[in-house]
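Have a look at run-v6.txt below; it lists compact mmCIF, C-alpha atoms.
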# COMPACT_ATOMS: atom_id res chain seq x y z
CA MET A 1 147.37 62.91 160.54
CA ASP A 2 146.36 60.47 157.78
CA SER A 3 149.99 59.60 157.08
CA ASP A 4 150.39 58.29 160.63
CA PHE A 5 148.10 55.34 159.85
CA ARG A 6 148.78 52.19 157.87
CA ASP A 7 145.42 52.47 156.10
CA PRO A 8 143.42 55.38 154.67
CA PRO A 9 140.50 56.67 156.79
CA PHE A 10 138.07 54.80 154.57
CA LEU A 11 138.28 52.36 151.69
CA GLU A 12 137.51 53.61 148.21
CA SER A 13 134.66 51.09 148.11
CA GLU A 14 133.11 52.88 151.13
CA ARG A 15 133.21 56.39 149.64
CA ASP A 16 129.86 56.26 147.83
CA GLY A 17 128.06 54.87 150.88
CA LEU A 18 129.57 57.50 153.14
CA THR A 19 128.69 60.32 150.77
CA GLU A 20 125.13 59.06 150.34
CA TYR A 21 124.73 58.80 154.13
CA LEU A 22 126.00 62.35 154.72
CA HIS A 23 123.69 63.70 152.02
CA ARG A 24 120.76 61.99 153.69
CA LEU A 25 121.73 63.03 157.24
CA TYR A 26 122.42 66.67 156.42
CA SER A 27 119.80 67.08 153.70
CA GLY A 28 119.08 70.77 153.18
CA ALA A 29 121.84 71.82 155.56
CA PHE A 30 125.23 70.81 154.14
CA THR A 31 126.42 72.01 150.77
CA GLU A 32 128.52 69.77 148.53
CA GLU A 33 131.60 71.60 149.80
CA ALA A 34 130.55 70.92 153.40
CA ILE A 35 130.10 67.22 152.62
CA ARG A 36 133.63 67.03 151.24
CA ALA A 37 135.00 68.90 154.26
CA HIS A 38 133.18 66.55 156.65
CA LEU A 39 134.68 63.52 154.91
CA ALA A 40 138.17 64.99 155.31
CA ASN A 41 137.83 66.42 158.81
CA TYR A 42 135.57 63.99 160.68
CA VAL A 43 135.55 60.76 158.73
CA GLY A 44 139.22 61.33 157.98
CA TYR A 45 141.78 62.21 160.63
CA SER A 46 142.22 65.99 160.21
CA PHE A 47 140.26 66.94 163.33
CA ALA A 48 141.46 63.83 165.14
CA GLY A 49 145.05 65.05 164.82
CA TYR A 50 144.11 68.17 166.77
CA VAL A 51 142.33 66.07 169.39
CA VAL A 52 145.38 63.85 169.89
CA GLN A 53 147.54 66.91 170.53
CA VAL A 54 145.08 68.05 173.22
CA LEU A 55 145.09 64.61 174.84
CA LEU A 56 148.90 64.42 174.81
CA ALA A 57 149.15 67.86 176.42
CA ARG A 58 146.54 67.30 179.10
CA LEU A 59 146.33 63.63 180.06
CA PRO A 60 148.70 60.97 181.40
CA ALA A 61 149.62 57.95 179.29
CA SER A 62 146.90 55.29 179.10
CA ALA A 63 144.25 57.66 180.49
CA LYS A 64 140.68 56.36 180.23
CA VAL A 65 138.71 58.67 177.93
CA LEU A 66 135.08 58.50 176.82
CA ASP A 67 134.30 60.29 173.56
CA ILE A 68 130.62 61.28 173.59
CA GLY A 69 129.01 61.34 170.15
CA CYS A 70 132.12 59.83 168.57
CA GLY A 71 130.58 59.65 165.10
CA PHE A 72 132.70 57.73 162.62
CA GLY A 73 135.31 57.04 165.30
CA SER A 74 138.28 58.98 163.95
CA THR A 75 139.15 60.60 167.29
CA VAL A 76 138.79 57.28 169.12
CA VAL A 77 141.04 55.40 166.71
CA ALA A 78 143.63 58.20 166.70
CA GLY A 79 143.55 58.42 170.50
CA ARG A 80 144.08 54.68 170.87
CA GLU A 81 146.94 54.78 168.38
CA ALA A 82 148.50 57.50 170.58
CA GLY A 83 148.35 55.23 173.64
CA PHE A 84 145.15 56.35 175.38
CA ASP A 85 142.36 54.01 176.48
CA VAL A 86 139.67 55.79 174.45
CA THR A 87 136.18 54.43 173.95
CA GLY A 88 133.29 56.09 172.15
CA VAL A 89 129.52 56.19 172.36
CA GLU A 90 127.38 57.04 169.34
CA ILE A 91 123.64 56.82 168.67
CA ALA A 92 123.80 56.52 164.86
CA PRO A 93 124.04 52.83 163.78
CA PHE A 94 125.63 53.60 160.38
CA GLU A 95 128.46 55.53 162.04
CA VAL A 96 129.07 52.92 164.75
CA GLU A 97 129.20 50.12 162.18
CA PHE A 98 131.68 52.10 160.07
CA ALA A 99 133.82 52.87 163.14
CA ARG A 100 133.90 49.21 164.16
CA ARG A 101 134.92 48.06 160.68
CA ARG A 102 137.72 50.60 160.59
CA LEU A 103 138.96 49.60 164.04
CA GLU A 104 139.10 45.96 162.95
CA ARG A 105 141.26 47.01 160.01
CA VAL A 106 143.56 49.44 161.85
CA ARG A 107 143.76 47.80 165.30
CA PRO A 108 142.84 44.10 165.04
CA GLN A 109 143.96 43.64 168.66
CA ASP A 110 140.99 45.72 169.89
CA ASP A 111 137.41 44.57 170.48
CA PRO A 112 135.26 46.83 168.25
CA GLU A 113 132.05 46.29 170.23
CA ALA A 114 133.78 47.20 173.50
CA VAL A 115 135.49 50.26 172.01
CA PHE A 116 132.47 51.62 170.12
CA ILE A 117 129.24 51.53 172.09
CA MET A 118 125.99 52.08 170.24
CA GLY A 119 123.56 54.00 172.41
CA ASP A 120 122.18 57.22 173.81
CA ALA A 121 124.87 59.22 175.62
CA THR A 122 122.25 60.67 177.97
CA LYS A 123 121.53 57.15 179.29
CA LEU A 124 125.05 55.92 179.90
CA ASP A 125 125.64 52.86 182.06
CA VAL A 126 129.15 53.83 183.20
CA PRO A 127 130.43 53.36 186.77
CA GLN A 128 130.75 56.43 188.96
CA ASN A 129 134.26 57.94 189.32
CA SER A 130 135.71 55.67 186.61
CA LEU A 131 137.09 57.93 183.86
CA ASP A 132 140.00 60.32 183.46
CA ALA A 133 138.26 62.42 180.80
CA VAL A 134 134.95 62.83 179.00
CA ALA A 135 135.15 64.55 175.62
CA PHE A 136 132.48 66.50 173.75
CA TRP A 137 133.85 67.36 170.31
CA ASN A 138 131.18 69.39 168.50
CA VAL A 139 128.39 67.39 170.09
CA LEU A 140 126.84 69.44 172.93
CA GLU A 141 124.82 71.39 170.37
CA HIS A 142 123.15 68.10 169.40
CA ILE A 143 122.11 67.14 172.97
CA GLU A 144 118.84 68.68 174.13
CA SER A 145 119.77 68.99 177.81
CA CYS A 146 123.34 70.19 178.13
CA ASP A 147 122.86 70.51 181.89
CA ASP A 148 121.85 66.87 182.36
CA MET A 149 124.68 65.68 180.12
CA LEU A 150 127.30 67.58 182.13
CA GLU A 151 125.79 66.21 185.33
CA THR A 152 126.34 62.71 183.94
CA ALA A 153 129.92 63.63 183.02
CA PHE A 154 130.55 64.84 186.57
CA ARG A 155 129.23 61.54 187.97
CA ILE A 156 131.36 59.24 185.81
CA LEU A 157 134.60 61.24 186.10
CA ARG A 158 137.05 60.30 188.82
CA PRO A 159 138.03 63.12 191.20
CA GLY A 160 140.58 65.20 189.29
CA GLY A 161 139.21 64.02 185.94
CA MET A 162 138.21 66.52 183.27
CA VAL A 163 135.70 67.31 180.57
CA LEU A 164 137.02 68.50 177.20
CA ILE A 165 134.59 70.65 175.21
CA GLU A 166 134.39 72.30 171.83
CA CYS A 167 131.14 73.42 170.21
CA PRO A 168 129.68 76.44 168.38
CA ASN A 169 128.44 79.39 170.43
CA TYR A 170 124.98 80.44 169.27
CA ALA A 171 125.27 83.77 171.09
CA ALA A 172 128.00 84.75 168.62
CA LYS A 173 127.80 86.53 165.28
CA ARG A 174 129.29 83.87 163.06
CA LEU A 175 128.28 81.43 160.35
CA GLU A 176 125.86 78.81 161.59
CA ALA A 177 127.97 75.70 162.08
CA HIS A 178 125.95 73.37 159.84
CA TYR A 179 124.21 75.57 157.29
CA HIS A 180 127.16 77.95 156.93
CA VAL A 181 124.90 81.01 156.62
CA PRO A 182 125.15 84.20 158.72
CA TRP A 183 123.69 83.52 162.15
CA LYS A 184 121.68 86.05 164.17
CA PRO A 185 122.41 85.52 167.88
CA GLU A 186 118.92 86.60 168.95
CA LEU A 187 117.47 83.59 167.10
CA ARG A 188 118.79 81.27 169.79
CA HIS A 189 115.80 82.23 171.96
CA ASP A 190 113.17 81.17 169.42
CA ARG A 191 113.64 77.95 167.46
CA LYS A 192 110.55 78.64 165.35
CA LYS A 193 111.91 81.98 164.18
CA ALA A 194 115.32 80.42 163.59
CA ALA A 195 113.73 77.78 161.35
CA GLU A 196 111.78 80.49 159.50
CA TYR A 197 115.01 82.43 158.99
CA LEU A 198 116.73 79.40 157.45
CA ARG A 199 113.76 78.80 155.16
CA SER A 200 113.84 82.46 154.11
CA LEU A 201 117.34 81.77 152.77
CA GLY A 202 116.03 78.87 150.74
CA ARG A 203 117.33 76.23 153.14
CA ASP A 204 115.57 73.18 154.53
CA SER A 205 115.16 73.76 158.27
CA ARG A 206 114.41 70.16 159.28
CA TYR A 207 117.94 69.31 160.39
CA PHE A 208 118.06 72.40 162.61
CA GLU A 209 114.64 71.67 164.09
CA THR A 210 115.42 68.06 164.95
CA SER A 211 119.13 68.03 165.67
CA VAL A 212 120.49 71.44 166.72
CA PHE A 213 120.17 73.03 170.16
CA CYS A 214 121.59 76.50 170.59
CA ARG A 215 124.38 76.20 173.15
CA THR A 216 126.07 79.38 174.36
CA ASN A 217 129.38 80.06 176.05
CA TRP A 218 127.78 81.35 179.23
CA GLU A 219 125.34 78.44 179.38
CA VAL A 220 128.14 75.87 179.32
CA LEU A 221 130.36 77.86 181.70
CA GLY A 222 127.47 78.31 184.12
CA SER A 223 126.53 74.63 184.09
CA LEU A 224 130.12 73.60 184.83
CA ARG A 225 130.59 76.17 187.58
CA ARG A 226 127.36 75.12 189.34
CA ARG A 227 128.76 71.61 189.61
CA GLY A 228 132.03 72.82 191.09
CA PHE A 229 134.23 72.14 188.04
CA GLU A 230 137.41 74.25 187.85
CA LEU A 231 137.38 75.95 184.46
CA GLN A 232 140.55 75.80 182.35
CA GLU A 233 141.89 76.65 178.92
CA LEU A 234 141.59 73.56 176.75
CA GLY A 235 145.09 73.41 175.34
CA THR A 236 147.18 74.77 178.20
CA GLY A 237 145.24 73.78 181.31
CA LEU A 238 145.59 77.35 182.63
CA SER A 239 143.09 77.83 185.45
CA MET A 240 140.38 80.28 184.43
CA ALA A 241 138.66 80.23 187.82
CA LEU A 242 137.28 83.58 189.00
CA ARG A 243 138.38 83.40 192.64
CA PRO A 244 140.88 85.18 194.88
CA GLY A 245 143.29 82.25 194.79
CA ASN A 246 143.61 82.65 191.03
CA LEU A 247 144.22 86.40 191.10
CA ALA A 248 147.78 86.13 189.79
CA ASN A 249 146.60 84.34 186.63
CA MET A 250 143.72 86.78 186.24
CA MET A 251 146.07 89.76 186.31
CA ARG A 252 148.83 88.24 184.19
CA TYR A 253 146.59 86.76 181.52
CA TRP A 254 143.63 89.15 181.63
CA PRO A 255 143.16 89.26 177.79
CA ARG A 256 142.76 85.47 177.80
CA PHE A 257 140.20 85.72 180.63
CA VAL A 258 138.26 88.34 178.69
CA ASP A 259 138.16 86.06 175.65
CA PHE A 260 137.31 82.96 177.70
CA TYR A 261 134.27 84.59 179.33
CA ASN A 262 133.23 86.62 176.29
CA PRO A 263 129.52 85.84 175.65
CA GLY A 264 130.08 86.49 171.94
CA ARG A 265 133.06 84.18 171.57
CA PRO A 266 132.68 82.24 168.27
CA SER A 267 133.03 78.81 169.89
CA VAL A 268 132.85 77.26 173.33
CA ILE A 269 136.36 75.85 173.80
CA LEU A 270 137.47 74.78 177.27
CA SER A 271 138.30 72.05 179.69
CA ALA A 272 137.11 71.72 183.27
CA ARG A 273 138.46 69.62 186.11
CA LYS A 274 136.35 67.79 188.69
CA PRO A 275 137.55 68.77 192.18
CA VAL A 276 139.91 66.24 193.73
CA GLY A 277 137.90 65.98 196.93
CA SER A 278 134.53 65.41 195.26
CA THR A 279 132.66 62.15 194.76
Re-express the file's structure as structure tokens.
Amino acid sequence: MDSDFRDPPFLESERDGLTEYLHRLYSGAFTEEAIRAHLANYVGYSFAGYVVQVLLARLPASAKVLDIGCGFGSTVVAGREAGFDVTGVEIAPFEVEFARRRLERVRPQDDPEAVFIMGDATKLDVPQNSLDAVAFWNVLEHIESCDDMLETAFRILRPGGMVLIECPNYAAKRLEAHYHVPWKPELRHDRKKAAEYLRSLGRDSRYFETSVFCRTNWEVLGSLRRRGFELQELGTGLSMALRPGNLANMMRYWPRFVDFYNPGRPSVILSARKPVGST
């Protein structure tokens, strides 16, 4: 993805500041290898390239997209370069300031303060029924009330609009997404024990205690279904609704349904469409 841009994802003069910031933010959680990977994947455009492919497959040209927890802005910049009207909201001032500087460099025709909004995503001042998509790229696990956040997404989406979600599933046996140590699914029920477990491995638990909330596949699916969203595969848009009208898909693609609803799925990966007749 980097080669698609006139400029590198960050200037060489910014590297030390970025690295120092990531060390401070993820102190005790990220290893040196994880810091380097974060620079490439999320400050750089590696993950953003994947996001653009999802947007191209699922949304019409010029669709209005809000990227919640947009971080350093890579997905927003890449989405705008691909022709979408993407804006981002982020609570971390350092990341917003970096994103705005990069946008000025890459897309001088855009207004950085309008594209990158500094603020709390749970307190959004966005008109009802105004967006084509709301994206949560590895951010729901950092929002304390997933249910309230998805309620906000439902409100600001136009009828027929969709949420796009990817985040780790803490009911899965996998490496913890930030500490990269074996995760025990039962720890999701007790944050104190989870912190003790991380400390027993010689890790600093403060980042987990302050910034990680253990989302699960069934939690996210349940919250979306209660609001009437139609569940879909993220990349294909295949309806994953469990209802008689979707029986043909259920029978034809049953292995994909089993994986989609698997409580132990490694990650929560899905999209969900707001019903056309809703308000």
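Every protein, DNA or RNA residue with an atom at most 9 Å from Phe136 in chain A, where only C-alpha atoms count and chain neighbours fewer than 4 positions away do not, is listed here: Leu66, Asp67, Ile68, Gly69, Cys70, Leu140, Val163, Leu164, Ile165, Glu166 and Cys167 of chain A.
For the residues A:Glu95, A:Glu33, A:Glu196, A:Glu113, ranking by smallest atom-to-atom distance to Gly17 in chain A using all atoms listed in the file places A:Glu95 first.
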Please, which residues in range 191-248 of chain A fall within 10 Å of range 169-180 of chain A when counting only C-alpha atoms, and what is the closest atom pair and distance in Å to one decimal for each, ordered by chain then residue number, as JSON lines?
{"residue": "A:Leu198", "atom": "CA", "partner": "A:Tyr179", "partner_atom": "CA", "distance": 8.4}
{"residue": "A:Arg203", "atom": "CA", "partner": "A:Tyr179", "partner_atom": "CA", "distance": 8.1}
{"residue": "A:Asp204", "atom": "CA", "partner": "A:Tyr179", "partner_atom": "CA", "distance": 9.4}
{"residue": "A:Ser205", "atom": "CA", "partner": "A:Tyr179", "partner_atom": "CA", "distance": 9.3}
{"residue": "A:Tyr207", "atom": "CA", "partner": "A:His178", "partner_atom": "CA", "distance": 9.0}
{"residue": "A:Phe208", "atom": "CA", "partner": "A:His178", "partner_atom": "CA", "distance": 8.4}
{"residue": "A:Val212", "atom": "CA", "partner": "A:His178", "partner_atom": "CA", "distance": 9.0}
{"residue": "A:Phe213", "atom": "CA", "partner": "A:Tyr170", "partner_atom": "CA", "distance": 8.9}
{"residue": "A:Cys214", "atom": "CA", "partner": "A:Tyr170", "partner_atom": "CA", "distance": 5.4}
{"residue": "A:Arg215", "atom": "CA", "partner": "A:Tyr170", "partner_atom": "CA", "distance": 5.8}
{"residue": "A:Thr216", "atom": "CA", "partner": "A:Asn169", "partner_atom": "CA", "distance": 4.6}
{"residue": "A:Asn217", "atom": "CA", "partner": "A:Asn169", "partner_atom": "CA", "distance": 5.7}
{"residue": "A:Trp218", "atom": "CA", "partner": "A:Ala171", "partner_atom": "CA", "distance": 8.9}
{"residue": "A:Glu219", "atom": "CA", "partner": "A:Asn169", "partner_atom": "CA", "distance": 9.5}
{"residue": "A:Val220", "atom": "CA", "partner": "A:Asn169", "partner_atom": "CA", "distance": 9.6}
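Interatomic distance, CA of Tyr50 in chain A against CA of Thr152 in chain A: 25.3 Å.
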What is the distance between CA of Arg36 in chain A and CA of Arg80 in chain A, in Å to one decimal?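 Interatomic distance here is 25.4 Å.
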Expressed in Å to a single decimal, how great is the separation between CA of Ser46 in chain A and CA of Val77 in chain A?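 Computed distance, CA of Ser46 in chain A to CA of Val77 in chain A, equals 12.5 Å.
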Between A:Glu230, A:Asp190, A:Asp132, A:Asp120, which has the minimum distance to Leu55 in chain A (counting only C-alpha atoms)?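 When distances to Leu55 in chain A are compared using only C-alpha atoms, the smallest one comes from A:Asp132.
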Any idea what's packed within 12 Å of Phe10 in chain A, counting all atoms listed in the file, ignoring anything in its chain fewer than 4 positions away? Could you give it as a ChimeraX atom specification? /A:2,5-6,14-19,39-40,42-45,72-74,98-103,105-106
With only C-alpha atoms as the counted atoms, please give the residues lying no more than 7 Å from range 123-131 of chain A, apart from itself and same-chain residues fewer than 2 positions off, as a VMD selection string. chain A and resid 64 to 65 120 to 121 133 155 to 159 161
Under the rule that all atoms listed in the file are counted, which of A:Pro108, A:Pro255, A:Gly202, A:Pro60 is the nearest residue to Met240 in chain A? A:Pro255
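The smallest atom-to-atom distance between Pro182 in chain A and any of A:Gln232, A:Ile269, A:Ser13, A:Ala194, using all atoms listed in the file, is found for A:Ala194.
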For range 21-24 of chain A, find every residue with an atom within 9 Å (counting all atoms listed in the file), except residues of its own chain fewer than 6 positions away, and show them as an MDAnalysis selection string. chainID A and resid 30:32 35 38:39 94
Sel. within 10 Å of pt (123.3, 61.6, 169.4), counting all atoms listed in the file, output as a list in words: Ile68, Gly69, Cys70, Gly71, Val89, Glu90, Ile91, Ala92, Met118, Gly119, Asp120, Ala121, Thr122, Val139, Leu140, Glu141, His142, Ile143, Glu144 and Ser211 of chain A
